[in-house]
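Engineer: Sharing input31.txt, compact mmCIF, C-alpha atoms:
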```
# COMPACT_ATOMS: atom_id res chain seq x y z
CA MET L 1 24.82 -23.15 12.12
CA GLN L 2 24.21 -19.97 10.10
CA PRO L 3 23.24 -16.85 12.04
CA TRP L 4 19.77 -16.97 10.53
CA GLN L 5 17.97 -19.17 8.04
CA THR L 6 14.71 -17.60 6.93
CA SER L 7 13.60 -14.00 7.11
CA LEU L 8 9.98 -12.87 6.92
CA GLY L 9 9.13 -9.48 5.48
CA VAL L 10 5.63 -8.06 5.93
CA ASP L 11 3.96 -4.99 4.44
CA LEU L 12 0.66 -4.32 6.22
CA GLY L 13 -1.05 -2.15 3.63
CA THR L 14 -4.24 -0.17 3.64
CA SER L 15 -6.15 -2.50 1.34
CA HIS L 16 -3.86 -5.55 1.18
CA THR L 17 -1.15 -7.15 3.28
CA VAL L 18 1.71 -8.95 1.57
CA ALA L 19 4.55 -11.03 2.95
CA VAL L 20 7.61 -12.79 1.61
CA LEU L 21 10.08 -15.34 2.94
CA ALA L 22 13.74 -14.77 2.05
CA THR L 23 16.51 -17.34 2.50
CA PRO L 24 20.31 -16.84 2.63
CA ASP L 25 20.74 -18.33 -0.85
CA GLY L 26 18.75 -15.45 -2.36
CA ARG L 27 15.45 -17.20 -2.96
CA ASP L 28 12.26 -15.23 -2.28
CA GLN L 29 8.98 -16.99 -1.63
CA PRO L 30 5.84 -14.83 -1.50
CA LEU L 31 3.34 -16.19 0.99
CA LEU L 32 0.02 -17.25 -0.48
CA PHE L 33 -3.32 -16.59 1.17
CA ASP L 34 -6.11 -18.58 -0.46
CA SER L 35 -3.80 -19.06 -3.47
CA SER L 36 -3.13 -15.33 -3.77
CA PRO L 37 -0.10 -13.27 -2.66
CA LEU L 38 -2.52 -10.54 -1.56
CA LEU L 39 -4.24 -10.84 1.81
CA PRO L 40 -7.06 -8.29 2.05
CA SER L 41 -6.40 -6.15 5.12
CA ALA L 42 -10.09 -6.28 6.00
CA VAL L 43 -11.26 -7.37 9.45
CA PHE L 44 -14.70 -8.51 10.64
CA GLY L 45 -16.04 -8.67 14.19
CA ALA L 46 -17.62 -12.11 14.26
CA GLY L 47 -19.13 -11.94 17.76
CA ASP L 48 -17.77 -13.26 21.05
CA HIS L 49 -14.89 -10.83 20.46
CA ARG L 50 -13.55 -12.90 17.56
CA LEU L 51 -11.97 -11.42 14.46
CA LEU L 52 -12.04 -12.73 10.92
CA VAL L 53 -9.45 -11.36 8.53
CA GLY L 54 -8.80 -11.27 4.79
CA ARG L 55 -11.26 -12.85 2.41
CA ASP L 56 -13.11 -14.47 5.32
CA ALA L 57 -13.82 -10.97 6.60
CA LEU L 58 -14.98 -9.72 3.20
CA ARG L 59 -17.31 -12.67 2.71
CA ALA L 60 -18.83 -12.27 6.18
CA GLY L 61 -19.16 -8.53 5.62
CA ARG L 62 -21.51 -9.02 2.70
CA LEU L 63 -24.26 -10.01 5.14
CA GLU L 64 -23.30 -7.74 8.05
CA PRO L 65 -21.36 -4.79 6.63
CA GLU L 66 -21.59 -2.88 9.94
CA ARG L 67 -19.15 -5.43 11.40
CA LEU L 68 -16.61 -4.97 8.60
CA GLU L 69 -13.61 -2.62 8.42
CA ARG L 70 -11.98 -2.74 5.01
CA HIS L 71 -9.08 -0.40 5.73
CA PRO L 72 -8.01 -0.72 9.38
CA LYS L 73 -4.63 0.90 8.71
CA ARG L 74 -6.46 4.20 8.32
CA ARG L 75 -7.63 3.78 11.93
CA VAL L 76 -4.13 3.53 13.41
CA ASP L 77 -4.63 6.68 15.52
CA ASP L 78 -8.08 5.74 16.82
CA GLY L 79 -6.99 3.51 19.67
CA ALA L 80 -10.10 1.34 19.25
CA MET L 81 -12.76 0.65 16.65
CA LEU L 82 -16.34 -0.56 16.86
CA LEU L 83 -17.20 -3.56 14.67
CA GLY L 84 -20.88 -4.19 15.11
CA THR L 85 -21.44 -4.18 18.86
CA ASP L 86 -17.89 -5.23 19.78
CA GLU L 87 -15.05 -2.81 20.42
CA PHE L 88 -11.55 -3.87 19.40
CA GLN L 89 -8.24 -2.20 20.13
CA VAL L 90 -6.34 -1.21 17.00
CA VAL L 91 -3.39 -3.25 18.28
CA GLU L 92 -5.45 -6.46 18.38
CA VAL L 93 -6.89 -5.75 14.93
CA PHE L 94 -3.39 -5.36 13.46
CA ALA L 95 -2.28 -8.42 15.45
CA ALA L 96 -5.04 -10.53 13.90
CA LEU L 97 -3.77 -9.72 10.42
CA LEU L 98 -0.14 -10.34 11.39
CA ARG L 99 -1.11 -13.59 13.12
CA ARG L 100 -2.61 -14.87 9.87
CA VAL L 101 0.67 -14.00 8.12
CA GLY L 102 2.65 -15.79 10.81
CA GLU L 103 0.53 -18.93 10.50
CA GLU L 104 1.11 -19.08 6.76
CA ALA L 105 4.85 -18.47 7.22
CA VAL L 106 5.16 -21.34 9.72
CA ARG L 107 3.16 -23.60 7.46
CA ALA L 108 5.40 -22.79 4.50
CA ALA L 109 8.87 -22.81 6.08
CA GLY L 110 8.73 -23.06 9.85
CA SER L 111 9.29 -20.19 12.27
CA PRO L 112 11.34 -17.37 10.74
CA SER L 113 14.41 -16.27 12.66
CA ARG L 114 14.03 -12.64 11.62
CA VAL L 115 10.93 -10.56 10.97
CA VAL L 116 10.98 -7.23 9.13
CA LEU L 117 7.91 -4.98 9.04
CA THR L 118 7.71 -1.99 6.74
CA HIS L 119 5.89 1.21 7.64
CA PRO L 120 5.32 4.67 6.14
CA ALA L 121 8.28 6.98 6.70
CA THR L 122 5.92 9.58 8.17
CA TRP L 123 4.83 7.30 11.01
CA ALA L 124 6.07 8.77 14.26
CA ALA L 125 6.90 6.77 17.39
CA PRO L 126 3.27 6.24 18.59
CA ARG L 127 2.21 4.65 15.30
CA ARG L 128 5.34 2.52 15.11
CA GLN L 129 4.63 1.40 18.67
CA VAL L 130 1.19 0.17 17.61
CA LEU L 131 2.86 -1.93 14.92
CA THR L 132 5.49 -3.27 17.33
CA GLU L 133 2.89 -4.19 19.96
CA ALA L 134 0.72 -5.86 17.33
CA ALA L 135 3.69 -7.93 16.16
CA ALA L 136 4.37 -9.04 19.73
CA ALA L 137 0.71 -9.94 20.25
CA ALA L 138 0.82 -11.96 17.03
CA GLY L 139 3.74 -13.99 18.37
CA PHE L 140 6.53 -12.45 16.31
CA GLY L 141 8.56 -11.28 19.28
CA SER L 142 11.29 -8.82 18.37
CA VAL L 143 10.90 -7.29 14.91
CA THR L 144 12.86 -4.87 12.76
CA LEU L 145 11.00 -1.86 11.39
CA VAL L 146 12.04 -0.49 7.99
CA PRO L 147 10.52 2.62 6.38
CA GLU L 148 8.66 1.71 3.20
CA PRO L 149 10.65 4.12 1.00
CA VAL L 150 13.89 2.48 2.15
CA ALA L 151 12.51 -0.89 1.03
CA ALA L 152 11.54 0.71 -2.29
CA ALA L 153 15.02 2.23 -2.71
CA VAL L 154 16.72 -1.11 -2.04
CA TYR L 155 14.41 -2.74 -4.61
CA PHE L 156 15.18 0.07 -7.08
CA THR L 157 18.92 -0.56 -6.88
CA THR L 158 19.23 -4.30 -6.22
CA VAL L 159 16.35 -5.69 -8.30
CA LEU L 160 15.76 -3.07 -11.00
CA ARG L 161 19.55 -2.45 -11.11
CA ARG L 162 19.15 1.33 -11.29
CA GLU L 163 22.06 3.36 -10.00
CA VAL L 164 21.79 5.81 -7.12
CA PRO L 165 25.35 7.04 -6.39
CA ALA L 166 26.45 8.10 -2.93
CA GLY L 167 25.41 11.67 -2.26
CA HIS L 168 22.40 11.35 -4.56
CA ALA L 169 18.79 10.58 -3.73
CA LEU L 170 15.72 8.77 -4.98
CA VAL L 171 12.24 10.30 -4.82
CA VAL L 172 9.67 7.64 -3.86
CA PHE L 173 6.07 8.49 -4.80
CA ASP L 174 3.78 5.95 -3.09
CA LEU L 175 0.10 6.28 -3.97
CA GLY L 176 -1.73 3.39 -2.36
CA ALA L 177 -5.34 2.47 -1.83
CA GLY L 178 -5.91 4.60 1.25
CA THR L 179 -2.85 6.77 1.79
CA PHE L 180 -0.22 8.75 -0.05
CA ASP L 181 3.43 8.96 1.00
CA THR L 182 6.28 10.81 -0.65
CA SER L 183 9.89 10.50 0.45
CA VAL L 184 13.38 11.56 -0.53
CA VAL L 185 15.81 8.72 0.26
CA GLY L 186 19.51 9.52 0.14
CA ARG L 187 22.35 7.10 -0.64
CA ARG L 188 25.14 7.19 1.94
CA PRO L 189 28.84 6.61 1.22
CA ASP L 190 28.69 3.19 2.94
CA GLY L 191 25.88 2.03 0.64
CA GLY L 192 23.15 2.52 3.22
CA TRP L 193 20.09 4.74 3.02
CA GLN L 194 18.82 7.75 4.90
CA VAL L 195 15.35 9.29 4.68
CA LEU L 196 16.10 12.96 3.97
CA GLY L 197 12.48 14.05 3.94
CA ALA L 198 9.01 12.58 4.00
CA ASP L 199 5.42 13.75 3.89
CA GLY L 200 2.06 12.29 3.06
CA SER L 201 -1.65 12.25 3.57
CA ASP L 202 -3.98 9.71 5.16
CA THR L 203 -6.89 11.13 3.14
CA VAL L 204 -5.56 10.71 -0.40
CA GLY L 205 -5.55 7.30 -2.04
CA GLY L 206 -7.29 5.04 -4.47
CA VAL L 207 -10.42 4.78 -2.33
CA ASP L 208 -10.81 8.56 -2.50
CA LEU L 209 -10.65 8.40 -6.30
CA ASP L 210 -13.30 5.67 -6.17
CA ALA L 211 -15.48 7.97 -4.06
CA ALA L 212 -15.03 10.79 -6.58
CA VAL L 213 -16.22 8.47 -9.35
CA VAL L 214 -19.26 7.38 -7.30
CA ASP L 215 -20.14 11.01 -6.62
CA TRP L 216 -19.84 11.81 -10.34
CA VAL L 217 -22.08 8.86 -11.24
CA GLY L 218 -24.59 9.72 -8.54
CA ARG L 219 -25.24 13.40 -9.25
CA PRO L 220 -27.40 12.94 -12.37
CA LEU L 221 -29.02 9.76 -11.04
CA ALA L 222 -29.94 11.41 -7.75
CA ALA L 223 -31.49 14.30 -9.68
CA ARG L 224 -33.47 11.87 -11.80
CA ASP L 225 -34.75 9.66 -8.96
CA PRO L 226 -33.81 10.99 -5.49
CA ALA L 227 -35.68 8.26 -3.64
CA LEU L 228 -33.98 5.41 -5.47
CA TRP L 229 -30.53 6.99 -5.07
CA SER L 230 -31.17 7.47 -1.36
CA ARG L 231 -32.17 3.82 -1.10
CA LEU L 232 -28.92 2.80 -2.84
CA GLU L 233 -26.83 4.94 -0.50
CA GLN L 234 -28.50 3.54 2.60
CA ASP L 235 -28.19 -0.11 1.54
CA PRO L 236 -24.63 -1.18 2.47
CA ARG L 237 -24.55 -4.07 0.02
CA HIS L 238 -25.70 -2.07 -3.00
CA ARG L 239 -23.47 0.82 -1.99
CA GLN L 240 -20.44 -1.49 -1.82
CA GLN L 241 -21.32 -2.96 -5.21
CA LEU L 242 -21.24 0.53 -6.70
CA TYR L 243 -17.87 1.30 -5.08
CA ASP L 244 -16.51 -1.99 -6.42
CA GLU L 245 -17.73 -1.03 -9.89
CA ALA L 246 -16.03 2.37 -9.56
CA ARG L 247 -12.74 0.75 -8.50
CA ILE L 248 -12.82 -1.75 -11.39
CA ALA L 249 -13.53 1.05 -13.87
CA LYS L 250 -10.66 3.12 -12.45
CA GLU L 251 -8.27 0.20 -12.89
CA GLN L 252 -9.57 -0.50 -16.39
CA LEU L 253 -8.93 3.12 -17.40
CA SER L 254 -5.22 2.63 -16.73
CA ARG L 255 -5.27 0.27 -19.74
CA GLN L 256 -8.17 1.49 -21.87
CA ALA L 257 -9.70 4.79 -22.92
CA MET L 258 -13.21 4.02 -21.62
CA ALA L 259 -14.93 1.88 -19.01
CA THR L 260 -18.51 1.35 -17.89
CA ILE L 261 -19.94 1.37 -14.39
CA ARG L 262 -22.92 -0.83 -13.59
CA VAL L 263 -25.21 0.96 -11.12
CA PRO L 264 -27.25 -1.38 -8.90
CA LEU L 265 -30.99 -0.71 -8.45
CA PHE L 266 -30.97 1.70 -11.41
CA ASP L 267 -30.11 -1.22 -13.72
CA THR L 268 -28.03 1.02 -15.97
CA ASP L 269 -24.46 1.28 -17.24
CA VAL L 270 -22.69 4.64 -17.04
CA PRO L 271 -19.73 5.16 -19.41
CA LEU L 272 -16.62 6.90 -18.05
CA THR L 273 -13.75 8.01 -20.27
CA ARG L 274 -10.15 8.34 -19.17
CA GLU L 275 -10.32 12.09 -19.80
CA GLU L 276 -13.38 12.41 -17.55
CA PHE L 277 -11.73 10.32 -14.84
CA GLU L 278 -8.53 12.36 -14.95
CA GLN L 279 -10.56 15.52 -14.56
CA LEU L 280 -12.16 14.01 -11.44
CA ALA L 281 -8.82 12.78 -10.09
CA ARG L 282 -6.76 15.89 -10.77
CA PRO L 283 -7.66 17.80 -7.55
CA TRP L 284 -6.53 14.79 -5.48
CA LEU L 285 -3.38 14.24 -7.49
CA GLU L 286 -2.43 17.90 -7.37
CA GLN L 287 -2.21 17.45 -3.60
CA THR L 288 0.31 14.65 -4.08
CA VAL L 289 2.40 16.79 -6.43
CA ALA L 290 2.42 19.68 -3.94
CA LEU L 291 3.47 17.36 -1.11
CA THR L 292 6.25 15.89 -3.26
CA ALA L 293 7.52 19.31 -4.34
CA GLY L 294 7.51 20.54 -0.74
CA THR L 295 9.40 17.46 0.45
CA LEU L 296 12.06 17.98 -2.22
CA LEU L 297 12.42 21.63 -1.28
CA ARG L 298 12.91 20.81 2.40
CA ALA L 299 15.47 18.11 1.55
CA GLY L 300 17.69 20.86 0.13
CA LEU L 301 19.00 18.87 -2.84
CA ARG L 302 20.21 20.19 -6.15
CA ALA L 303 18.45 18.96 -9.28
CA ASP L 304 21.52 16.98 -10.35
CA GLN L 305 21.47 15.07 -7.05
CA ILE L 306 18.08 13.48 -7.84
CA ALA L 307 18.87 10.08 -9.35
CA GLY L 308 15.29 9.24 -10.21
CA LEU L 309 11.61 9.20 -9.38
CA PHE L 310 10.13 5.84 -8.35
CA LEU L 311 6.35 5.41 -8.53
CA VAL L 312 5.00 2.64 -6.30
CA GLY L 313 1.61 1.70 -4.88
CA GLY L 314 -1.35 0.30 -6.75
CA SER L 315 -2.90 3.66 -7.59
CA SER L 316 0.31 4.92 -9.21
CA ARG L 317 -0.52 2.65 -12.16
CA ILE L 318 -3.00 5.33 -13.24
CA PRO L 319 -1.24 7.27 -16.05
CA LEU L 320 -1.98 10.74 -14.67
CA PRO L 321 0.10 10.52 -11.44
CA GLY L 322 3.24 9.81 -13.43
CA ARG L 323 2.73 12.84 -15.64
CA CYS L 324 1.79 15.09 -12.75
CA CYS L 325 4.59 14.20 -10.38
CA THR L 326 7.24 14.23 -13.12
CA SER L 327 6.37 17.81 -14.02
CA GLY L 328 5.98 18.76 -10.36
CA SER L 329 9.26 17.27 -9.16
CA GLY L 330 11.37 18.32 -12.10
CA SER L 331 12.77 14.81 -12.50
CA ARG L 332 13.01 13.37 -16.00
CA ARG L 333 14.21 9.97 -14.81
CA ARG L 334 11.08 8.11 -13.86
CA SER L 335 10.49 4.47 -13.05
CA SER L 336 7.40 2.68 -11.87
CA SER L 337 6.89 -0.71 -10.28
CA SER L 338 4.06 -2.99 -11.31
CA ARG L 339 5.25 -5.62 -8.85
CA SER L 340 3.42 -6.15 -5.59
CA SER L 341 4.95 -4.65 -2.48
CA SER L 342 6.07 -8.18 -1.54
CA SER L 343 8.85 -7.78 -4.10
CA ARG L 344 10.03 -4.55 -2.51
CA THR L 345 9.74 -6.06 0.96
CA ALA L 346 11.83 -9.01 -0.20
CA ALA L 347 14.62 -6.67 -1.24
CA CYS L 348 15.15 -5.50 2.33
CA THR L 349 14.87 -8.97 3.89
CA ARG L 350 17.23 -10.69 1.47
CA PRO L 351 20.57 -11.71 2.98
CA PRO L 352 23.77 -10.09 1.72
CA ARG L 353 25.38 -11.68 -1.30
CA PRO L 354 29.00 -12.82 -1.03
CA ARG L 355 30.09 -10.40 -3.77
CA PRO L 356 28.25 -7.38 -5.17
CA SER L 357 27.71 -7.40 -8.88
CA ARG L 358 29.81 -5.09 -11.01
CA GLY L 359 28.75 -1.50 -10.66
CA GLN L 360 26.73 -2.18 -7.54
CA PRO L 361 27.78 0.03 -4.59
CA ARG L 362 29.47 -1.93 -1.85
CA GLY L 363 28.22 -1.94 1.71
CA ARG L 364 25.46 -3.69 3.60
CA VAL L 365 23.05 -3.54 0.69
CA GLY L 366 21.31 -6.75 1.70
CA HIS L 367 20.75 -5.48 5.25
CA PRO L 368 19.42 -1.92 4.88
CA TRP L 369 17.79 -1.74 8.34
CA PRO L 370 20.88 -0.56 10.25
CA ASP L 371 21.73 1.90 7.49
CA HIS L 372 18.58 3.98 7.12
CA ARG L 373 18.86 5.66 10.49
CA PRO L 374 19.83 9.35 10.49
```
Translate the structure described by the file into structure tokens.

Structural biologist:
Amino acid sequence: MQPWQTSLGVDLGTSHTVAVLATPDGRDQPLLFDSSPLLPSAVFGAGDHRLLVGRDALRAGRLEPERLERHPKRRVDDGAMLLGTDEFQVVEVFAALLRRVGEEAVRAAGSPSRVVLTHPATWAAPRRQVLTEAAAAAGFGSVTLVPEPVAAAVYFTTVLRREVPAGHALVVFDLGAGTFDTSVVGRRPDGGWQVLGADGSDTVGGVDLDAAVVDWVGRPLAARDPALWSRLEQDPRHRQQLYDEARIAKEQLSRQAMATIRVPLFDTDVPLTREEFEQLARPWLEQTVALTAGTLLRAGLRADQIAGLFLVGGSSRIPLPGRCCTSGSGSRRRSSSSRSSSSRTAACTRPPRPRPSRGQPRGRVGHPWPDHRP
């Protein structure tokens, strides 16, 4: 019998959770949730201390938005959260999401023999403990925790086939929906990885850019009809519709020069150009550049030791972050990933291949979790 058959990798994200099954023969199978590889990380307190997760939570939240939490990962330090009239521990909220992942994994391939959970490199022991306890409550038992930038670095070298020689480092710029994380990940002589520096912010992400767009849309409308704007703001359903419109416009502007935002109640469309959006987003993105530059400085690396800059996270698809962080970090070698984080998670759950491909550094590339420790 082989030492393990199927490995499950899970990335519990701010807006979406993704998971992938990896087998010893190198096959990766993203888990599907309602026919999608993305499970919304939303949770809904359904009464009687029950939790709905994913799209079930979002659908239920349309009628009772006060029971809905769209981004529970942002509440990791809160200990507990109130959903409607019911209080839930953060651990049981995370566990509900992980339990849904586990159910889909068992349905697809049986119980995995190894479970890997990724987490931000900046998460200290108390936050990692929340994740570990949630995994145990979800029935996973013992799990391996891997910093997200290590998973990104393994993906960068093993899937994208980009070279990071020993003694060099990769800068990982992760701008997600609700958080920003920047890390410098060094390549060790044995082929493993070490996080040389990390920083981030729990208050910078795609949802903050959405809020900036809503504020920009609202200023002239509130001046024109204060009562109607106040009504929109106080109605959770109409307010969420406007935020959804802002998010869709933001995503559209990564591909086109202009987008329109439909404003409920006002029955009007507001045009937004890419230039206008970038002006709104720049103060937020300048924070990410400053955090990245500071992390590089503290890592103490020479410019020629930086092998590349890897942009990950859904919000990094916006053109401006790439331009800003390239100029701020001084790196001319930039790559971005349009794949979901399930692909990067798969890279660190995949079993080792019998022989590395030519030019690929030898070592335990397929098993990065023992190698990232300082």

Engineer: Could you check how far CA of Arg302 (chain L) sits from CA of Leu320 (chain L), in Å to one decimal?

Structural biologist: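 Between CA of Arg302 (chain L) and CA of Leu320 (chain L) the gap is 25.6 Å.
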
Engineer: Taking only C-alpha atoms into account, name the residue in L:Ala22, L:Ala299, L:Val10, L:Ile318 that is nearest to Ala135 (chain L).

Structural biologist: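 Smallest distance to Ala135 (chain L) is found for L:Val10.
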
Engineer: Please report as a tab-separated table every residue of region 34-108 of chain L lying within 12 Å of region 240-261 of chain L, along with the nearest atom pair and their distance in Å (one decimal), using all atoms listed in the file.

Structural biologist:
```
residue	atom	partner	partner_atom	distance
L:Leu58	CA	L:Gln240	CA	11.1
L:Gly61	CA	L:Gln240	CA	10.3
L:Arg62	CA	L:Gln240	CA	8.8
L:Leu63	CA	L:Gln240	CA	11.6
L:Pro65	CA	L:Gln240	CA	9.1
L:Glu66	CA	L:Gln240	CA	11.9
L:Leu68	CA	L:Gln240	CA	11.6
L:Arg70	CA	L:Gln240	CA	10.9
```

Engineer: For Pro220 (chain L), work out the shell of residues within 12 Å, counting all atoms listed in the file and skipping chain neighbours fewer than 6 positions away, then give it as a VMD selection string.

Structural biologist: chain L and resid 214 226 229 266 270

Engineer: Set the distance at 9 Å and use all atoms listed in the file: which residues neighbour region 52-55 of chain L once local chain neighbours fewer than 5 positions away are removed? I'd like the list as a list in words.

Structural biologist: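 Near neighbours after the sequence-gap exclusion: His16, Thr17, Phe33, Asp34, Leu38, Leu39, Pro40, Ser41, Ala42, Val43, Phe44, Gly45, Ala46, Ala60, Val93, Ala96, Leu97 and Arg100 of chain L.
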
Engineer: Between CA of Val164 (chain L) and CA of Gly186 (chain L), measure the distance and give it in Å to one decimal.

Structural biologist: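 Pair CA of Val164 (chain L) / CA of Gly186 (chain L) returns 8.5 Å.
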
Engineer: Counting only C-alpha atoms, I want the residues whose atoms come within 8 Å of (12.8, -10.2, 14.6) in the file frame, returned as a ChimeraX atom specification.

Structural biologist: /L:113-116,140-144

Engineer: Set the distance at 8 Å and use only C-alpha atoms: which residues neighbour region 195-208 of chain L once local chain neighbours fewer than 5 positions away are removed? I'd like the list as JSON, numbers by chain.

Structural biologist: {"L": [74, 121, 122, 149, 150, 175, 176, 177, 178, 179, 180, 181, 182, 183, 184, 185, 186, 247, 284, 288, 291, 292, 295, 296, 298, 299, 314, 315, 372, 373, 374]}

Engineer: Nearest residue to Leu265 (chain L) out of L:Val154, L:Val106, L:Leu232, L:Ala166, using all atoms listed in the file?

Structural biologist: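 Of all the options, L:Leu232 lies closest to Leu265 (chain L).
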
Engineer: Rounded to one decimal in Å, what is the spacing between CA of Leu98 (chain L) and CA of Gly139 (chain L)?

Structural biologist: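 Result for CA of Leu98 (chain L) versus CA of Gly139 (chain L): 8.8 Å, one decimal.
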
Engineer: May I ask which of the residues L:Pro319, L:Gly13, L:Gly300, L:Gly84 is the closest one to Leu117 (chain L), counting only C-alpha atoms?

Structural biologist: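 Of L:Pro319, L:Gly13, L:Gly300, L:Gly84, the one nearest Leu117 (chain L), counting only C-alpha atoms, is L:Gly13.
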
Engineer: L:Val289, L:Ala212, L:Leu31, L:Val263: which is nearest Glu233 (chain L), counting only C-alpha atoms?

Structural biologist: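 Checking each of L:Val289, L:Ala212, L:Leu31, L:Val263 against Glu233 (chain L), counting only C-alpha atoms, the winner is L:Val263.
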
Engineer: Select region 293-300 of chain L in the preceding structure and write all heavy atoms to a file as a tab-separated table (two decimals), in the first residue's frame.

Structural biologist:
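Result written to result-v7.tsv:
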```tsv
chain	number	residue	atom	x	y	z
L	293	ALA	N	7.38	47.35	-0.47
L	293	ALA	CA	8.72	47.92	-0.42
L	293	ALA	C	9.35	47.74	0.97
L	293	ALA	O	10.54	47.42	1.10
L	293	ALA	CB	8.67	49.40	-0.79
L	294	GLY	N	8.54	47.93	2.01
L	294	GLY	CA	9.05	47.75	3.37
L	294	GLY	C	9.44	46.31	3.66
L	294	GLY	O	10.45	46.04	4.32
L	295	THR	N	8.64	45.37	3.14
L	295	THR	CA	8.96	43.95	3.34
L	295	THR	C	10.26	43.58	2.63
L	295	THR	O	11.10	42.85	3.18
L	295	THR	CB	7.80	43.07	2.81
L	295	THR	OG1	6.60	43.46	3.48
L	295	THR	CG2	8.07	41.60	3.07
L	296	LEU	N	10.46	44.09	1.43
L	296	LEU	CA	11.71	43.85	0.71
L	296	LEU	C	12.91	44.42	1.45
L	296	LEU	O	13.97	43.79	1.56
L	296	LEU	CB	11.63	44.45	-0.69
L	296	LEU	CG	11.02	43.58	-1.78
L	296	LEU	CD1	10.75	44.41	-3.02
L	296	LEU	CD2	11.95	42.43	-2.11
L	297	LEU	N	12.73	45.61	1.99
L	297	LEU	CA	13.84	46.25	2.71
L	297	LEU	C	14.22	45.43	3.94
L	297	LEU	O	15.41	45.22	4.21
L	297	LEU	CB	13.42	47.67	3.12
L	297	LEU	CG	14.47	48.51	3.85
L	297	LEU	CD1	15.66	48.77	2.93
L	297	LEU	CD2	13.85	49.84	4.31
L	298	ARG	N	13.22	44.96	4.68
L	298	ARG	CA	13.51	44.18	5.89
L	298	ARG	C	14.11	42.81	5.55
L	298	ARG	O	14.83	42.23	6.36
L	298	ARG	CB	12.24	44.01	6.71
L	298	ARG	CG	11.77	45.30	7.38
L	298	ARG	CD	10.64	45.04	8.35
L	298	ARG	NE	9.45	44.53	7.69
L	298	ARG	CZ	8.51	45.29	7.14
L	298	ARG	NH1	8.63	46.60	7.16
L	298	ARG	NH2	7.45	44.74	6.57
L	299	ALA	N	13.80	42.28	4.36
L	299	ALA	CA	14.36	40.98	3.98
L	299	ALA	C	15.86	41.07	3.71
L	299	ALA	O	16.55	40.04	3.75
L	299	ALA	CB	13.64	40.44	2.75
L	300	GLY	N	16.36	42.28	3.43
L	300	GLY	CA	17.79	42.47	3.28
L	300	GLY	C	18.38	41.84	2.04
L	300	GLY	O	19.56	41.42	2.05
```
